[in-house]
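Novice: Provided herewith: upload-v8.txt, compact mmCIF, C-alpha atoms.
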```txt
# COMPACT_ATOMS: atom_id res chain seq x y z
CA MET A 1 0.00 0.00 0.00
CA PRO A 2 2.65 2.55 -0.83
CA SER A 3 0.24 5.06 -2.33
CA GLU A 4 -1.79 5.24 0.88
CA SER A 5 1.11 5.56 3.23
CA LYS A 6 2.40 8.46 1.18
CA LYS A 7 -0.62 10.50 2.23
CA ASP A 8 -0.48 9.49 5.90
CA LYS A 9 1.76 11.16 8.40
CA PRO A 10 5.07 9.33 8.22
CA GLU A 11 5.05 8.18 11.84
CA ARG A 12 1.63 6.60 11.64
CA SER A 13 2.28 4.93 8.35
CA ASP A 14 5.54 3.51 9.71
CA THR A 15 3.72 1.92 12.62
CA ARG A 16 0.97 0.62 10.41
CA ARG A 17 3.47 -0.72 7.94
CA PHE A 18 5.28 -2.46 10.75
CA PHE A 19 2.14 -4.25 11.88
CA VAL A 20 1.32 -5.34 8.34
CA ASP A 21 4.86 -6.72 8.09
CA LEU A 22 4.47 -8.35 11.49
CA ALA A 23 1.28 -10.11 10.44
CA ARG A 24 3.07 -11.30 7.34
CA ALA A 25 5.94 -12.56 9.50
CA PHE A 26 3.51 -14.62 11.61
CA GLY A 27 2.03 -16.04 8.42
CA GLY A 28 5.50 -17.03 7.23
CA ALA A 29 6.49 -18.49 10.59
CA ILE A 30 3.45 -20.76 10.70
CA LEU A 31 3.57 -21.67 7.01
CA PHE A 32 7.18 -22.77 7.19
CA SER A 33 7.30 -24.28 10.65
CA PHE A 34 4.06 -26.27 10.90
CA PRO A 35 5.54 -29.49 9.50
CA MET A 36 8.15 -29.31 12.25
CA LEU A 37 5.65 -28.25 14.89
CA MET A 38 3.83 -31.49 14.07
CA THR A 39 6.92 -33.72 14.21
CA MET A 40 7.52 -35.66 17.39
CA GLU A 41 11.31 -35.73 17.23
CA LEU A 42 11.42 -31.96 17.20
CA TRP A 43 9.40 -31.63 20.40
CA PHE A 44 11.86 -33.81 22.27
CA LEU A 45 15.01 -32.45 20.71
CA GLY A 46 15.25 -29.48 23.02
CA PHE A 47 15.73 -31.56 26.09
CA TYR A 48 17.72 -34.47 24.87
CA MET A 49 20.12 -32.72 22.55
CA ASN A 50 23.50 -31.60 23.81
CA GLY A 51 23.12 -28.17 25.42
CA LEU A 52 26.39 -26.77 24.12
CA ARG A 53 25.58 -27.81 20.56
CA LEU A 54 22.13 -26.23 20.80
CA THR A 55 23.70 -23.02 22.10
CA ILE A 56 26.25 -22.91 19.27
CA PHE A 57 23.50 -23.59 16.76
CA THR A 58 21.25 -20.83 18.13
CA LEU A 59 24.14 -18.36 18.12
CA LEU A 60 25.03 -19.27 14.52
CA THR A 61 21.47 -18.71 13.33
CA ILE A 62 21.60 -15.06 14.47
CA PRO A 63 24.08 -13.88 11.79
CA LEU A 64 22.31 -16.16 9.32
CA LEU A 65 19.01 -14.40 9.93
CA ILE A 66 20.67 -10.97 9.83
CA GLY A 67 22.08 -11.82 6.41
CA LEU A 68 18.76 -13.20 5.27
CA SER A 69 17.04 -10.04 6.43
CA TYR A 70 19.40 -8.03 4.26
CA PHE A 71 18.55 -10.02 1.15
CA ASP A 72 15.01 -10.92 1.85
CA GLY A 73 13.45 -10.04 5.20
CA PHE A 74 9.80 -9.38 5.96
CA GLU A 75 10.51 -5.65 5.83
CA ALA A 76 12.47 -3.48 3.49
CA THR A 77 15.56 -2.68 5.56
CA SER A 78 18.09 0.07 5.16
CA SER A 79 20.99 -0.77 7.45
CA VAL A 80 22.72 -3.63 9.24
CA TRP A 81 21.27 -2.30 12.50
CA ASP A 82 17.80 -2.51 10.98
CA ASP A 83 18.49 -6.07 9.91
CA THR A 84 19.53 -6.92 13.47
CA ILE A 85 16.30 -5.50 14.90
CA ASP A 86 14.33 -7.44 12.31
CA THR A 87 16.18 -10.61 13.25
CA PHE A 88 15.06 -10.33 16.85
CA VAL A 89 11.54 -9.45 15.78
CA ALA A 90 11.65 -12.66 13.73
CA TYR A 91 12.79 -14.61 16.80
CA ALA A 92 9.96 -13.09 18.86
CA VAL A 93 7.52 -14.15 16.14
CA GLY A 94 9.09 -17.62 16.09
CA PHE A 95 8.86 -18.03 19.86
CA ILE A 96 5.30 -16.73 20.07
CA SER A 97 3.97 -18.79 17.17
CA ALA A 98 5.76 -21.96 18.35
CA THR A 99 4.41 -21.55 21.88
CA ALA A 100 0.88 -20.87 20.68
CA MET A 101 0.81 -23.79 18.24
CA LEU A 102 2.40 -26.32 20.61
CA PHE A 103 -0.05 -25.23 23.28
CA LEU A 104 -2.95 -25.73 20.85
CA PHE A 105 -1.64 -29.20 19.97
CA GLY A 106 -1.44 -30.11 23.66
CA VAL A 107 2.30 -30.67 23.42
CA ILE A 108 2.87 -27.96 25.99
CA GLU A 109 0.66 -28.08 29.05
CA PHE A 110 0.32 -26.22 32.28
CA GLY A 111 2.33 -27.89 35.01
CA MET A 112 5.22 -28.92 32.77
CA SER A 113 8.61 -27.86 34.04
CA THR A 114 10.09 -24.67 32.56
CA ASP A 115 13.01 -26.74 31.34
CA GLU A 116 10.73 -28.95 29.33
CA ILE A 117 8.76 -26.05 27.86
CA ILE A 118 11.86 -24.09 26.90
CA GLY A 119 13.39 -27.23 25.45
CA LYS A 120 10.35 -27.86 23.31
CA ILE A 121 10.05 -24.30 22.08
CA SER A 122 13.67 -23.27 21.51
CA VAL A 123 14.35 -25.39 18.43
CA GLN A 124 10.94 -24.68 16.91
CA ALA A 125 11.41 -20.95 17.49
CA ILE A 126 14.50 -20.96 15.27
CA VAL A 127 12.55 -22.65 12.49
CA GLY A 128 9.74 -20.12 13.00
CA GLY A 129 12.25 -17.27 12.88
CA PHE A 130 13.45 -18.47 9.47
CA GLY A 131 9.84 -18.73 8.32
CA ALA A 132 9.18 -15.17 9.45
CA MET A 133 12.16 -14.01 7.41
CA PHE A 134 11.11 -15.97 4.34
CA ALA A 135 7.70 -14.34 4.56
CA ARG A 136 8.38 -11.43 2.29
CA SER A 137 9.46 -13.29 -0.78
CA LEU A 138 6.49 -15.62 -0.75
CA LEU A 139 3.67 -13.73 0.90
CA THR A 140 4.20 -10.19 -0.21
CA GLY A 141 1.86 -8.49 -2.58
CA ASP A 142 3.97 -5.38 -2.58
CA GLN A 143 5.46 -5.11 -6.01
CA LYS A 144 7.91 -2.37 -5.12
CA GLU A 145 9.36 -4.22 -2.14
CA GLU A 146 9.54 -7.39 -4.11
CA GLU A 147 11.40 -5.67 -6.90
CA GLU A 148 13.85 -4.16 -4.50
CA SER A 149 14.68 -7.43 -2.82
CA GLU A 150 14.98 -9.12 -6.21
CA LYS A 151 17.38 -6.39 -7.22
CA ARG A 152 19.46 -6.97 -4.12
CA GLN A 153 19.73 -10.63 -4.92
CA ARG A 154 20.75 -9.92 -8.49
CA ASP A 155 23.39 -7.63 -7.14
CA ALA A 156 24.50 -10.22 -4.64
CA SER A 157 28.17 -10.97 -5.03
CA TYR A 158 29.37 -14.52 -5.56
CA PHE A 159 29.72 -14.90 -1.78
CA GLY A 160 26.25 -13.47 -1.36
CA GLU A 161 24.92 -16.20 -3.64
CA LEU A 162 26.77 -18.85 -1.67
CA PHE A 163 25.35 -17.35 1.51
CA LEU A 164 21.79 -17.69 0.19
CA MET A 165 22.54 -21.30 -0.73
CA ALA A 166 23.84 -21.98 2.77
CA VAL A 167 20.69 -20.48 4.34
CA GLY A 168 18.46 -22.66 2.18
CA ALA A 169 20.51 -25.73 3.05
CA VAL A 170 20.39 -25.01 6.78
CA PHE A 171 16.66 -24.43 6.73
CA LEU A 172 15.65 -27.59 4.89
CA SER A 173 18.19 -29.83 6.55
CA MET A 174 17.31 -28.74 10.08
CA SER A 175 13.66 -29.50 9.40
CA VAL A 176 14.35 -33.14 8.57
CA ALA A 177 17.64 -33.96 10.30
CA PRO A 178 16.15 -34.79 13.71
CA THR A 179 13.80 -37.46 12.36
CA GLU A 180 14.79 -41.08 12.76
CA GLU A 181 14.27 -41.65 9.05
CA MET A 182 17.52 -39.85 8.19
CA THR A 183 19.70 -42.51 9.77
CA LEU A 184 17.22 -45.28 8.97
CA ILE A 185 17.42 -44.47 5.25
CA SER A 186 21.21 -44.51 5.39
CA TYR A 187 21.09 -47.98 7.00
CA LYS A 188 18.90 -49.23 4.18
CA MET A 189 21.16 -47.90 1.44
CA THR A 190 24.14 -49.79 0.06
CA ASP A 191 27.30 -47.95 -0.96
CA TRP A 192 26.09 -48.03 -4.57
CA HIS A 193 22.83 -46.38 -3.55
CA THR A 194 24.80 -43.70 -1.75
CA LEU A 195 26.97 -43.03 -4.75
CA ALA A 196 23.94 -42.86 -7.04
CA LEU A 197 22.17 -40.48 -4.66
CA ALA A 198 25.21 -38.19 -4.56
CA VAL A 199 25.37 -38.08 -8.36
CA ALA A 200 21.61 -37.50 -8.62
CA THR A 201 21.85 -34.68 -6.07
CA ILE A 202 24.63 -32.99 -8.04
CA LEU A 203 22.68 -33.28 -11.31
CA MET A 204 19.59 -31.85 -9.63
CA MET A 205 21.60 -28.96 -8.21
CA HIS A 206 22.97 -28.20 -11.63
CA ALA A 207 19.47 -28.17 -13.09
CA PHE A 208 18.60 -25.46 -10.56
CA VAL A 209 21.80 -23.54 -11.30
CA TYR A 210 20.92 -23.69 -14.99
CA SER A 211 17.36 -22.47 -14.43
CA VAL A 212 18.64 -19.49 -12.42
CA GLU A 213 20.96 -18.66 -15.30
CA TYR A 214 18.19 -19.11 -17.80
CA ARG A 215 15.94 -16.73 -15.87
CA ASP A 216 18.69 -14.12 -15.70
CA PHE A 217 19.43 -14.62 -19.38
CA GLU A 218 15.77 -14.15 -20.30
CA GLN A 219 15.65 -10.94 -18.33
CA GLU A 220 18.80 -9.81 -20.09
CA LEU A 221 21.01 -9.36 -17.11
CA PRO A 222 24.52 -8.76 -18.34
CA HIS A 223 26.85 -10.55 -15.95
CA HIS A 224 25.43 -14.03 -16.19
CA HIS A 225 26.76 -15.37 -19.47
CA THR A 226 28.88 -18.24 -18.33
CA SER A 227 30.08 -21.49 -19.78
CA PHE A 228 28.91 -24.88 -18.53
CA VAL A 229 32.23 -25.72 -16.86
CA ASP A 230 32.35 -22.31 -15.22
CA SER A 231 28.88 -22.44 -13.67
CA PHE A 232 29.21 -26.14 -12.84
CA LEU A 233 32.38 -25.53 -10.86
CA ARG A 234 31.42 -22.18 -9.37
CA PHE A 235 27.90 -23.03 -8.24
CA THR A 236 27.14 -26.73 -8.46
CA VAL A 237 30.35 -28.20 -7.10
CA VAL A 238 31.03 -25.48 -4.55
CA GLY A 239 27.33 -25.54 -3.64
CA TYR A 240 27.39 -29.28 -3.07
CA ALA A 241 30.49 -28.94 -0.90
CA ILE A 242 28.66 -26.35 1.22
CA VAL A 243 25.62 -28.62 1.36
CA LEU A 244 27.67 -31.57 2.63
CA LEU A 245 29.43 -29.47 5.27
CA ILE A 246 26.11 -28.10 6.48
CA SER A 247 24.47 -31.53 6.50
CA PHE A 248 27.31 -32.90 8.56
CA TYR A 249 27.17 -29.97 10.95
CA ILE A 250 23.38 -30.27 11.37
CA LEU A 251 23.59 -34.03 12.00
CA TRP A 252 26.30 -33.41 14.56
CA THR A 253 24.26 -30.65 16.19
CA PHE A 254 21.24 -32.90 16.65
CA GLY A 255 23.42 -35.82 17.72
CA SER A 256 21.99 -38.10 15.03
CA ILE A 257 25.35 -39.55 13.98
CA ASP A 258 27.18 -39.72 17.29
CA GLU A 259 29.01 -42.96 17.87
CA MET A 260 28.84 -43.99 14.21
CA ALA A 261 31.81 -45.08 12.14
CA PHE A 262 33.10 -42.47 9.69
CA ALA A 263 31.73 -44.28 6.63
CA GLU A 264 28.26 -44.37 8.21
CA LYS A 265 28.49 -40.70 9.11
CA LEU A 266 29.35 -39.87 5.52
CA LYS A 267 26.40 -41.92 4.27
CA ALA A 268 23.96 -40.10 6.55
CA THR A 269 25.51 -36.80 5.44
CA ILE A 270 24.88 -37.63 1.77
CA VAL A 271 21.29 -38.67 2.59
CA LEU A 272 20.63 -35.39 4.40
CA GLY A 273 22.53 -33.65 1.62
CA PHE A 274 19.63 -34.39 -0.71
CA PRO A 275 17.04 -32.15 1.03
CA ALA A 276 19.80 -29.68 1.90
CA ALA A 277 20.73 -29.44 -1.78
CA ILE A 278 17.09 -28.78 -2.70
CA GLY A 279 17.04 -26.00 -0.13
CA ALA A 280 20.34 -24.58 -1.32
CA SER A 281 19.46 -24.50 -5.00
CA ALA A 282 15.85 -23.46 -4.58
CA SER A 283 16.78 -20.54 -2.34
CA ARG A 284 18.59 -18.84 -5.23
CA LEU A 285 15.56 -19.34 -7.43
CA ILE A 286 12.74 -18.63 -4.98
CA LEU A 287 14.07 -16.18 -2.42
CA MET B 1 31.89 -6.30 4.21
CA ALA B 2 29.37 -5.00 6.68
CA GLU B 3 30.64 -1.45 6.26
CA GLU B 4 30.42 -1.69 2.53
CA LYS B 5 26.87 -2.92 2.77
CA SER B 6 25.70 -0.12 5.01
CA LYS B 7 27.33 2.46 2.77
CA ASP B 8 25.53 1.02 -0.19
CA ASN B 9 22.33 1.16 1.75
CA GLU B 10 22.77 4.76 2.70
CA GLU B 11 23.19 5.56 -0.93
CA ASN B 12 20.09 3.61 -1.75
CA GLN B 13 18.18 5.46 0.90
CA THR B 14 19.14 8.90 -0.33
CA GLU B 15 18.22 7.85 -3.82
CA ASN B 16 14.89 6.70 -2.56
CA ASN B 17 14.28 9.93 -0.72
CA GLU B 18 14.96 11.89 -3.85
CA GLU B 19 12.39 9.82 -5.63
CA ASN B 20 10.06 10.48 -2.70
CA LEU B 21 9.29 6.84 -2.12
CA PRO B 22 7.63 5.94 1.17
CA ARG B 23 10.67 4.76 3.08
CA ARG B 24 10.94 4.06 6.75
CA LYS B 25 13.19 6.63 8.40
CA GLU B 26 12.66 5.83 12.04
CA THR B 27 12.03 2.51 13.64
CA PRO B 28 8.55 2.46 15.17
CA VAL B 29 8.39 2.06 18.96
CA TRP B 30 6.46 -1.18 18.62
CA GLU B 31 9.19 -2.66 16.55
CA TRP B 32 11.68 -1.89 19.30
CA ILE B 33 9.42 -3.48 21.90
CA ILE B 34 8.94 -6.66 19.91
CA ALA B 35 12.61 -6.86 18.96
CA ALA B 36 13.49 -6.46 22.67
CA ALA B 37 11.04 -9.25 23.53
CA GLY B 38 12.70 -11.43 20.91
CA LEU B 39 16.13 -10.67 22.33
CA ILE B 40 14.95 -11.56 25.83
CA MET B 41 13.47 -14.85 24.62
CA VAL B 42 16.65 -15.80 22.74
CA VAL B 43 18.82 -14.92 25.75
CA ALA B 44 16.51 -16.82 28.10
CA ALA B 45 16.51 -19.92 25.91
CA LEU B 46 20.28 -19.74 25.48
CA GLY B 47 20.76 -19.11 29.19
CA THR B 48 18.72 -22.10 30.27
CA THR B 49 20.42 -24.36 27.76
CA LEU B 50 23.91 -23.17 28.66
CA TYR B 51 23.16 -23.46 32.35
CA ARG B 52 22.04 -27.03 31.88
CA ALA B 53 25.01 -27.82 29.69
CA VAL B 54 27.76 -26.22 31.75
CA ILE B 55 26.74 -25.90 35.39
CA GLU B 56 24.67 -28.98 36.01
CA GLU B 57 26.43 -32.24 36.58
CA SER B 58 25.32 -34.94 34.24
CA THR B 59 23.29 -37.44 36.22
CA PRO B 60 21.55 -40.50 34.79
CA PRO B 61 17.74 -40.58 34.85
CA ILE B 62 16.65 -40.76 38.50
CA LEU B 63 13.08 -41.98 38.66
CA GLU B 64 10.51 -41.71 41.39
CA ILE B 65 7.39 -43.69 40.66
CA SER B 66 4.24 -43.13 42.64
CA VAL B 67 0.76 -44.62 42.40
CA THR B 68 -1.85 -41.92 41.98
CA SER B 69 -5.04 -43.98 41.90
CA VAL B 70 -6.43 -47.51 41.83
CA GLU B 71 -9.86 -47.90 40.26
CA PRO B 72 -11.99 -50.89 39.32
CA THR B 73 -12.77 -51.22 35.59
CA ALA B 74 -15.02 -53.60 33.64
CA ASN B 75 -12.35 -56.30 33.35
CA GLY B 76 -10.29 -55.71 36.45
CA TYR B 77 -8.39 -52.85 37.97
CA HIS B 78 -6.64 -49.78 36.63
CA VAL B 79 -3.62 -48.37 38.44
CA LYS B 80 -2.50 -44.89 37.45
CA PHE B 81 1.09 -43.97 38.16
CA ASN B 82 3.34 -40.99 37.88
CA VAL B 83 7.03 -41.07 36.97
CA LYS B 84 9.14 -38.15 38.05
CA ASN B 85 12.60 -37.93 36.55
CA THR B 86 14.79 -35.80 38.81
CA GLY B 87 17.99 -36.59 36.93
CA ASN B 88 19.11 -34.39 34.07
CA GLN B 89 19.14 -36.98 31.35
CA THR B 90 16.07 -38.10 29.49
CA ALA B 91 15.05 -41.75 29.46
CA ALA B 92 13.42 -42.98 26.25
CA GLY B 93 11.37 -46.15 25.90
CA LEU B 94 11.14 -46.42 29.66
CA ALA B 95 9.85 -49.86 30.66
CA ILE B 96 7.64 -49.89 33.75
CA GLU B 97 6.70 -53.07 35.52
CA GLY B 98 4.04 -53.46 38.19
CA GLU B 99 3.89 -56.54 40.37
CA LEU B 100 1.29 -57.71 42.84
CA LYS B 101 2.91 -59.68 45.63
CA ASN B 102 1.50 -61.85 48.32
CA GLY B 103 4.45 -62.06 50.68
CA ALA B 104 7.31 -63.40 48.59
CA GLU B 105 5.03 -64.95 46.00
CA SER B 106 4.31 -63.05 42.79
CA VAL B 107 0.60 -63.02 41.99
CA GLU B 108 0.39 -60.94 38.83
CA THR B 109 2.65 -58.65 36.74
CA SER B 110 1.74 -55.97 34.20
CA SER B 111 3.97 -53.67 32.21
CA ALA B 112 3.85 -50.39 30.35
CA THR B 113 6.32 -48.42 28.22
CA LEU B 114 6.66 -44.66 28.34
CA ALA B 115 8.01 -43.13 25.14
CA TYR B 116 9.93 -40.50 27.09
CA ALA B 117 10.57 -39.53 30.68
CA PRO B 118 12.22 -36.15 30.07
CA ALA B 119 14.77 -34.73 32.50
CA HIS B 120 13.23 -32.70 35.33
CA SER B 121 9.74 -33.64 34.23
CA GLU B 122 6.80 -35.83 35.09
CA ARG B 123 5.02 -38.35 32.94
CA GLY B 124 2.05 -40.57 33.73
CA GLY B 125 0.71 -43.93 32.62
CA GLY B 126 -1.53 -46.79 33.67
CA LEU B 127 -1.29 -50.49 34.42
CA TYR B 128 -4.11 -53.03 34.25
CA PHE B 129 -4.52 -55.88 36.70
CA THR B 130 -7.16 -58.60 36.90
CA LYS B 131 -6.83 -58.97 40.68
CA ASN B 132 -7.49 -56.17 43.13
CA PRO B 133 -4.14 -54.45 43.78
CA GLN B 134 -5.41 -53.17 47.11
CA GLN B 135 -5.51 -56.70 48.52
CA PHE B 136 -1.88 -57.31 47.66
CA ASP B 137 1.47 -55.60 47.94
CA LEU B 138 1.75 -53.44 44.78
CA GLN B 139 5.28 -52.68 43.60
CA ILE B 140 6.00 -50.53 40.57
CA ARG B 141 9.51 -50.09 39.24
CA ALA B 142 11.32 -49.05 36.10
CA THR B 143 13.17 -51.94 34.50
CA GLY B 144 15.12 -50.23 31.75
CA TYR B 145 15.39 -47.41 29.25
CA GLU B 146 17.06 -46.36 26.05
CA LYS B 147 19.26 -43.31 25.44
CA PRO B 148 17.20 -40.98 23.31
```
What do you get writing this file as C-alpha cells?
Specialist:
Amino acid sequence: MPSESKKDKPERSDTRRFFVDLARAFGGAILFSFPMLMTMELWFLGFYMNGLRLTIFTLLTIPLLIGLSYFDGFEATSSVWDDTIDTFVAYAVGFISATAMLFLFGVIEFGMSTDEIIGKISVQAIVGGFGAMFARSLLTGDQKEEEESEKRQRDASYFGELFLMAVGAVFLSMSVAPTEEMTLISYKMTDWHTLALAVATILMMHAFVYSVEYRDFEQELPHHHTSFVDSFLRFTVVGYAIVLLISFYILWTFGSIDEMAFAEKLKATIVLGFPAAIGASASRLIL
Amino acid sequence: MAEEKSKDNEENQTENNEENLPRRKETPVWEWIIAAAGLIMVVAALGTTLYRAVIEESTPPILEISVTSVEPTANGYHVKFNVKNTGNQTAAGLAIEGELKNGAESVETSSATLAYAPAHSERGGGLYFTKNPQQFDLQIRATGYEKP
C-alpha cells in the first residue's frame, strides 16, 4: 500500500506498515514451521540434545538471519542495524507462534517444568524465525518491495549467492535432520545407492543452477553469461560442498550420527545432503 | 563487508528519498518493543540451555514412581502412576513393571512403556490388573530405558 502511506503522516504509516509486516511474519512463521511443529522428534530435541551444541547452533542462526534479512526479510531494511532488529523481531515471532501452536496441539501443558517447555520451544522458534524471514518473498503483494529485494539478490556478489545457498541448506536440513528416518534411510542404502544419490543430487543442483541462469538470461542481465564448466564448478560443485558441510554440521548438532563409524556418518551426510541441496538450489531461485 | 553494505544502503536510501518513495526513516516504537522481547526470549533460551550444559552435573535418569489412583474397571483394575525424573538426562522407551505380591510370591505382573521420561519432568501412565491391587502388595519399578 505505498500510495496510501504516502498521504499518511510518516510516523503513523511507519507503525501501520510495521504491523502489516508483522502479520506477514507470523504467516510465514506458521507456514514454514508447521511441519516441524507437528513432528515428534522436534518436540523432544530441546531436552535431549546436547546443550552446548544447541547453544552454538542458536548463536550461529543469528548472523544467518541478519544476512537473510538483508537479502530478503519481511521488511524493506536500510541498514545492518535494521536487519539486526528485524532478526530479533523474527525470533519473537518464532517463539510466540511456536508456543501458541504447541499449546494448541497439547504438546505444551500447564504444570510442565520450565526446562521442558523451553526445550520444546527453543528449536521450533529458530525454524519459526526463518519462516518469518522468508515471509516477504512468498507472501508479499507489494510489487515495489519485491522488486527491491529481487534487485538486491541480483546484485549479490558470488559470496552473497553462496550465503543464500547456505541459508536454504540449513533451513531444509534442520527440518528433517532430527527425524529417525535420516539414519534409517542410510542404514537401508548400500554404498552403490549412496553413490547414485550423490550423483543424482549434483545433477539436480545443476538443473537449478541452470534455471537461475536461464531466468537471468531471459531478463537480459549482463553478468550471467557463463560457460557450462564455469557455472558447474562455481555453483554446483562449490554448492554441493557447502551442502555436505552443512548436512554434517546439522547431523552433529542434533546428535543423530554420534558414535557412528566415519563411513556411516558420511552416508547419513549424503542422505541429508539431498534435502539440503534442494534448499540450497531453490533458495537462489525462490528467495 | 558490513561497512560496505551499510554504505551502499545509505546511498540507496538517499536515492529513494529523492524519488520520494515511502521509506521508513525511524524505527517504530512497537518494533523496538517486539525486537526487545525477541532478544529476551533468545537470551533466556540460550541461558537455560547453557546453564544445563555447563553448570549442572550430568546425572543418569533418576526416577521416582508413585501410584496416583487404583480404580476398578469392567475387566479388572486400573492403576495410574506418575514417573518423576529428577535426573538431568532423558530416558526414552522407559519400561515400567508393576507386580502384585502376596508375601514373597508373585501373583500378577503388568507392564507399560513410556516413550519418554524427560529430564526434570513428570510423565504418567496406567497399568491393568485382573486382581485387586489393594488386597496385595503393589510394587512398581522401572526396569530399563534407552538413550534418546
Novice: Per residue of chain A within 8 Å of chain B, what are the shortest atom pair and its distance in Å to one decimal, counting all atoms listed in the file, with rows by chain and residue number, as CSV?
Specialist:
```
residue,atom,partner,partner_atom,distance
A:Pro2,CA,B:Pro22,CA,6.3
A:Ser5,CA,B:Pro22,CA,6.8
A:Lys6,CA,B:Pro22,CA,5.8
A:Glu11,CA,B:Pro28,CA,7.5
A:Asp14,CA,B:Arg24,CA,6.2
A:Thr15,CA,B:Pro28,CA,5.5
A:Phe18,CA,B:Glu31,CA,7.0
A:Phe47,CA,B:Pro118,CA,7.0
A:Tyr48,CA,B:Thr90,CA,6.1
A:Asn50,CA,B:Ala53,CA,7.2
A:Gly51,CA,B:Ala53,CA,4.7
A:Leu52,CA,B:Ala53,CA,5.8
A:Leu54,CA,B:Thr49,CA,7.4
A:Thr55,CA,B:Leu46,CA,5.8
A:Thr58,CA,B:Leu46,CA,7.5
A:Ser78,CA,B:Asn9,CA,5.5
A:Ser79,CA,B:Ser6,CA,5.3
A:Val80,CA,B:Ser6,CA,6.3
A:Ile85,CA,B:Ala35,CA,5.7
A:Asp86,CA,B:Ala35,CA,6.9
A:Thr87,CA,B:Ala35,CA,7.7
A:Phe88,CA,B:Ala35,CA,4.7
A:Val89,CA,B:Ala35,CA,4.2
A:Ala90,CA,B:Gly38,CA,7.4
A:Tyr91,CA,B:Gly38,CA,5.2
A:Ala92,CA,B:Gly38,CA,3.8
A:Val93,CA,B:Gly38,CA,7.5
A:Phe95,CA,B:Met41,CA,7.3
A:Met112,CA,B:Ser121,CA,6.7
A:Ser113,CA,B:Ser121,CA,5.9
A:Asp115,CA,B:His120,CA,7.2
A:Glu116,CA,B:Ser121,CA,6.9
A:Ile118,CA,B:Ala45,CA,6.3
A:Gly119,CA,B:Thr49,CA,7.9
A:Ser122,CA,B:Ala45,CA,6.2
```
Novice: Can you spit out the residues from that selection as a PDB file, keeping the file's coordinate frame, using C-alpha atoms?
Specialist:
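To be explicit, this is the file written out as result-v1.pdb:
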```pdb
ATOM      1  CA  PRO A   2       2.650   2.550  -0.830  1.00  0.00           C
ATOM      2  CA  SER A   5       1.110   5.560   3.230  1.00  0.00           C
ATOM      3  CA  LYS A   6       2.400   8.460   1.180  1.00  0.00           C
ATOM      4  CA  GLU A  11       5.050   8.180  11.840  1.00  0.00           C
ATOM      5  CA  ASP A  14       5.540   3.510   9.710  1.00  0.00           C
ATOM      6  CA  THR A  15       3.720   1.920  12.620  1.00  0.00           C
ATOM      7  CA  PHE A  18       5.280  -2.460  10.750  1.00  0.00           C
ATOM      8  CA  PHE A  47      15.730 -31.560  26.090  1.00  0.00           C
ATOM      9  CA  TYR A  48      17.720 -34.470  24.870  1.00  0.00           C
ATOM     10  CA  ASN A  50      23.500 -31.600  23.810  1.00  0.00           C
ATOM     11  CA  GLY A  51      23.120 -28.170  25.420  1.00  0.00           C
ATOM     12  CA  LEU A  52      26.390 -26.770  24.120  1.00  0.00           C
ATOM     13  CA  LEU A  54      22.130 -26.230  20.800  1.00  0.00           C
ATOM     14  CA  THR A  55      23.700 -23.020  22.100  1.00  0.00           C
ATOM     15  CA  THR A  58      21.250 -20.830  18.130  1.00  0.00           C
ATOM     16  CA  SER A  78      18.090   0.070   5.160  1.00  0.00           C
ATOM     17  CA  SER A  79      20.990  -0.770   7.450  1.00  0.00           C
ATOM     18  CA  VAL A  80      22.720  -3.630   9.240  1.00  0.00           C
ATOM     19  CA  ILE A  85      16.300  -5.500  14.900  1.00  0.00           C
ATOM     20  CA  ASP A  86      14.330  -7.440  12.310  1.00  0.00           C
ATOM     21  CA  THR A  87      16.180 -10.610  13.250  1.00  0.00           C
ATOM     22  CA  PHE A  88      15.060 -10.330  16.850  1.00  0.00           C
ATOM     23  CA  VAL A  89      11.540  -9.450  15.780  1.00  0.00           C
ATOM     24  CA  ALA A  90      11.650 -12.660  13.730  1.00  0.00           C
ATOM     25  CA  TYR A  91      12.790 -14.610  16.800  1.00  0.00           C
ATOM     26  CA  ALA A  92       9.960 -13.090  18.860  1.00  0.00           C
ATOM     27  CA  VAL A  93       7.520 -14.150  16.140  1.00  0.00           C
ATOM     28  CA  PHE A  95       8.860 -18.030  19.860  1.00  0.00           C
ATOM     29  CA  MET A 112       5.220 -28.920  32.770  1.00  0.00           C
ATOM     30  CA  SER A 113       8.610 -27.860  34.040  1.00  0.00           C
ATOM     31  CA  ASP A 115      13.010 -26.740  31.340  1.00  0.00           C
ATOM     32  CA  GLU A 116      10.730 -28.950  29.330  1.00  0.00           C
ATOM     33  CA  ILE A 118      11.860 -24.090  26.900  1.00  0.00           C
ATOM     34  CA  GLY A 119      13.390 -27.230  25.450  1.00  0.00           C
ATOM     35  CA  SER A 122      13.670 -23.270  21.510  1.00  0.00           C
TER      36      SER A 122
END
```
Novice: Which residues, written as a PyMOL selection string, have at least one atom at most 12 Å from Met204 of chain A, with only C-alpha atoms counted and residues fewer than 3 positions away on the same chain left out?
Specialist: chain A and resi 197-201+207-211+232+236-237+239-240+273-282
Novice: Kindly indicate which residue among B:Ala115, B:Ile55, B:Ala95, B:Leu138 lies nearest to Phe44 of chain A, using all atoms listed in the file for the distances.
Specialist: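 Result for the nearest residue to Phe44 of chain A: B:Ala115.
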Novice: Rounded to one decimal, what separation in Å do you get between atom CA of Thr130 of chain B and atom CA of Ala142 of chain B?
Specialist: 20.8 Å
Novice: In the coordinate frame of the file, compute which residues have an atom within 12 Å of (-0.6, -52.8, 35.6) when using all atoms listed in the file, and state them as an MDAnalysis selection string.
Specialist: chainID B and resid 67 69:71 76:81 95:100 108:113 125:133 138:141
Novice: Find the residues near Gly87 of chain B: any atom within 6 Å, counting only C-alpha atoms, skip ones fewer than 4 places away on the same chain, and give them as an NGL selection string.
Specialist: :B and (59-62 or 119)
Novice: Find, counting all atoms listed in the file, the residue in A:Ser186, A:Ser69, A:Thr99, A:Thr269 that gets nearest to Leu164 of chain A.
Specialist: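 That would be A:Ser69, the residue with the smallest distance to Leu164 of chain A.
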